[in-house]
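Okay, so here's the structure we're looking at.
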Amino acid sequence: MQAKIGGDSGGRASQLFKGVEAEGWRFVAFTRLVPLFPFSLLNYALGLTRIPLLEYLFSTFVFMLPGALAYTYLGYAGREAAAGNEGLIQKGLVALALLAVVAFLPRLVERNPQAQKEFR
């Protein structure tokens with residue numbers, strides 16, 4: 001399948017496939033932490049690569065979890081604010097801190113070459 005998409009001439013698609021396969025879980029982690037890419041299309045595209053299934057599943061689960069928790073807590077804080085409950089400032093600051101952590105996580109994955117060696 002990759003040969004049909006990328007061609008034998010070493011086009012951009014084949015370079016992309018080679019890069020994704022070389023990075024493996026780090027590529028999956030980055031794309032899951034940064035919600036700029038539509039997950040449905042990304043799932044199909046990653047299915048065309050040779051990333052091992054368990055590596056893909058583990059990376060997807062672990063690196064989608066921080067965003068899911070942060071956005072869930074942000075929704076909770078918003079509901080509490082709309083209801084006029086106490087502790088609004090504290091809940092709002094916790095929600096902002098969680099979003100800041102989620103925004104900073106891709107830099108940790110990108111700059112930590114030791115984690116790649118330990119994962120394999």
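If you're wondering about the labels, chains in the structure tokens are A, B, ... by order shown, residues count from 1 in each chain, ligands from 1 in order shown.
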Every residue of segment 2-85 of chain A that DSSP places in helix (DSSP H, G or I), as a VMD selection string: chain A and resid 2 to 6 12 to 23 25 to 33 39 to 47 53 to 83
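With only C-alpha atoms taken into account, the protein and nucleic acid residues at most 12 Å from Val20 of chain A (excluding it and anything under 2 positions from it in its own chain) are Ala13, Ser14, Gln15, Leu16, Phe17, Lys18, Ala22, Glu23, Gly24, Trp25, Arg26, Phe27, Val28, Ala29, Phe30, Thr31, Leu42, Ala45, Leu46, Gly47, Leu48, Thr49, Arg50, Ile51, Pro52 and Tyr56 of chain A.
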Residues of the last selection are to be written out with N, CA, C and O atoms, as a short mmCIF file (atom, residue, chain, number, x, y, z; two decimals), in the first residue's frame.
```cif
data_model
loop_
_atom_site.label_atom_id
_atom_site.label_comp_id
_atom_site.auth_asym_id
_atom_site.auth_seq_id
_atom_site.Cartn_x
_atom_site.Cartn_y
_atom_site.Cartn_z
N ALA A 13 5.32 11.49 0.23
CA ALA A 13 4.54 10.53 1.01
C ALA A 13 5.43 9.40 1.53
O ALA A 13 5.31 8.99 2.68
N SER A 14 6.34 8.92 0.70
CA SER A 14 7.20 7.83 1.17
C SER A 14 8.18 8.34 2.23
O SER A 14 8.48 7.62 3.17
N GLN A 15 8.64 9.58 2.11
CA GLN A 15 9.49 10.16 3.16
C GLN A 15 8.71 10.30 4.46
O GLN A 15 9.25 10.06 5.54
N LEU A 16 7.44 10.68 4.34
CA LEU A 16 6.60 10.81 5.54
C LEU A 16 6.41 9.45 6.20
O LEU A 16 6.53 9.33 7.42
N PHE A 17 6.12 8.41 5.40
CA PHE A 17 5.97 7.07 5.96
C PHE A 17 7.24 6.61 6.67
O PHE A 17 7.19 6.06 7.76
N LYS A 18 8.39 6.86 6.07
CA LYS A 18 9.66 6.46 6.69
C LYS A 18 9.89 7.21 8.00
O LYS A 18 10.34 6.64 8.98
N ALA A 22 10.06 5.55 11.66
CA ALA A 22 11.28 5.71 12.46
C ALA A 22 10.96 6.24 13.85
O ALA A 22 11.56 5.83 14.83
N GLU A 23 10.01 7.16 13.93
CA GLU A 23 9.65 7.76 15.21
C GLU A 23 8.68 6.89 16.00
O GLU A 23 8.68 6.93 17.21
N GLY A 24 7.82 6.17 15.32
CA GLY A 24 6.90 5.25 15.98
C GLY A 24 5.99 5.91 17.00
O GLY A 24 5.19 6.76 16.67
N TRP A 25 6.12 5.49 18.26
CA TRP A 25 5.24 5.95 19.31
C TRP A 25 5.36 7.45 19.54
O TRP A 25 4.39 8.09 19.96
N ARG A 26 6.52 8.04 19.28
CA ARG A 26 6.66 9.49 19.50
C ARG A 26 5.78 10.27 18.53
O ARG A 26 5.23 11.30 18.89
N PHE A 27 5.66 9.80 17.30
CA PHE A 27 4.78 10.47 16.34
C PHE A 27 3.33 10.35 16.78
O PHE A 27 2.58 11.33 16.75
N VAL A 28 2.94 9.17 17.21
CA VAL A 28 1.57 8.97 17.70
C VAL A 28 1.33 9.85 18.92
O VAL A 28 0.29 10.52 19.02
N ALA A 29 2.28 9.90 19.83
CA ALA A 29 2.13 10.72 21.04
C ALA A 29 1.96 12.18 20.68
O ALA A 29 1.08 12.87 21.22
N PHE A 30 2.77 12.69 19.77
CA PHE A 30 2.68 14.10 19.40
C PHE A 30 1.33 14.41 18.77
O PHE A 30 0.70 15.41 19.11
N THR A 31 0.88 13.56 17.87
CA THR A 31 -0.40 13.84 17.21
C THR A 31 -1.58 13.70 18.15
O THR A 31 -2.62 14.33 17.93
N LEU A 42 -6.44 10.69 10.93
CA LEU A 42 -5.15 10.26 11.46
C LEU A 42 -5.13 8.76 11.72
O LEU A 42 -4.13 8.09 11.45
N ALA A 45 -4.62 7.08 8.40
CA ALA A 45 -3.25 7.29 7.91
C ALA A 45 -2.25 6.45 8.69
O ALA A 45 -1.35 5.85 8.10
N LEU A 46 -2.41 6.38 10.01
CA LEU A 46 -1.48 5.58 10.81
C LEU A 46 -1.68 4.09 10.56
O LEU A 46 -0.75 3.30 10.74
N GLY A 47 -2.87 3.70 10.13
CA GLY A 47 -3.11 2.31 9.77
C GLY A 47 -2.34 1.88 8.54
O GLY A 47 -2.09 0.70 8.33
N LEU A 48 -1.94 2.83 7.71
CA LEU A 48 -1.16 2.52 6.51
C LEU A 48 0.34 2.37 6.81
O LEU A 48 1.09 1.92 5.96
N THR A 49 0.76 2.77 7.99
CA THR A 49 2.18 2.67 8.34
C THR A 49 2.47 1.32 8.98
O THR A 49 1.57 0.51 9.19
N ARG A 50 3.71 1.11 9.33
CA ARG A 50 4.12 -0.16 9.95
C ARG A 50 4.37 0.00 11.44
O ARG A 50 5.19 -0.72 12.02
N ILE A 51 3.67 0.92 12.08
CA ILE A 51 3.77 1.06 13.53
C ILE A 51 3.10 -0.15 14.15
O ILE A 51 1.96 -0.48 13.79
N PRO A 52 3.77 -0.84 15.08
CA PRO A 52 3.16 -2.01 15.70
C PRO A 52 1.85 -1.65 16.43
O PRO A 52 1.74 -0.58 17.02
N TYR A 56 0.96 1.46 19.02
CA TYR A 56 -0.05 2.45 18.62
C TYR A 56 -1.14 2.57 19.69
O TYR A 56 -1.51 3.67 20.10
#
```
Gap from atom CA of Arg32 of chain A to atom CA of Leu88 of chain A - Å, one decimal: 29.6 Å
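Put simply, atom CA of Arg79 of chain A is 25.0 Å away from atom CA of Val34 of chain A.
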Coordinates-based distance that separates atom CA of Tyr44 of chain A from atom CA of Leu65 of chain A (Å, one decimal): 20.4 Å
Who sits within 7 Å of segment 101-103 of chain A, only C-alpha atoms, same chain under 3 positions skipped, as an NGL selection string: :A and (66-67 or 97-98 or 106)
For the selection you just gave me, I'd like the residues written to a file as a compact mmCIF listing (two decimals), in the first residue's frame, keeping C-alpha atoms.
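What landed in selection-v1.txt:
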```txt
# COMPACT_ATOMS: atom_id res chain seq x y z
CA PRO A 66 -4.26 14.23 29.67
CA GLY A 67 -6.35 16.18 27.17
CA ALA A 97 -3.27 24.70 35.00
CA LEU A 98 -4.41 21.41 33.47
CA PRO A 106 4.31 17.83 23.37
```
Polymer residues at most 12 Å from Leu93 of chain A, only C-alpha atoms, same-chain spacing of 4 or more positions, as a PyMOL selection string: chain A and resi 70+73-74+77-78+87-89+97-100
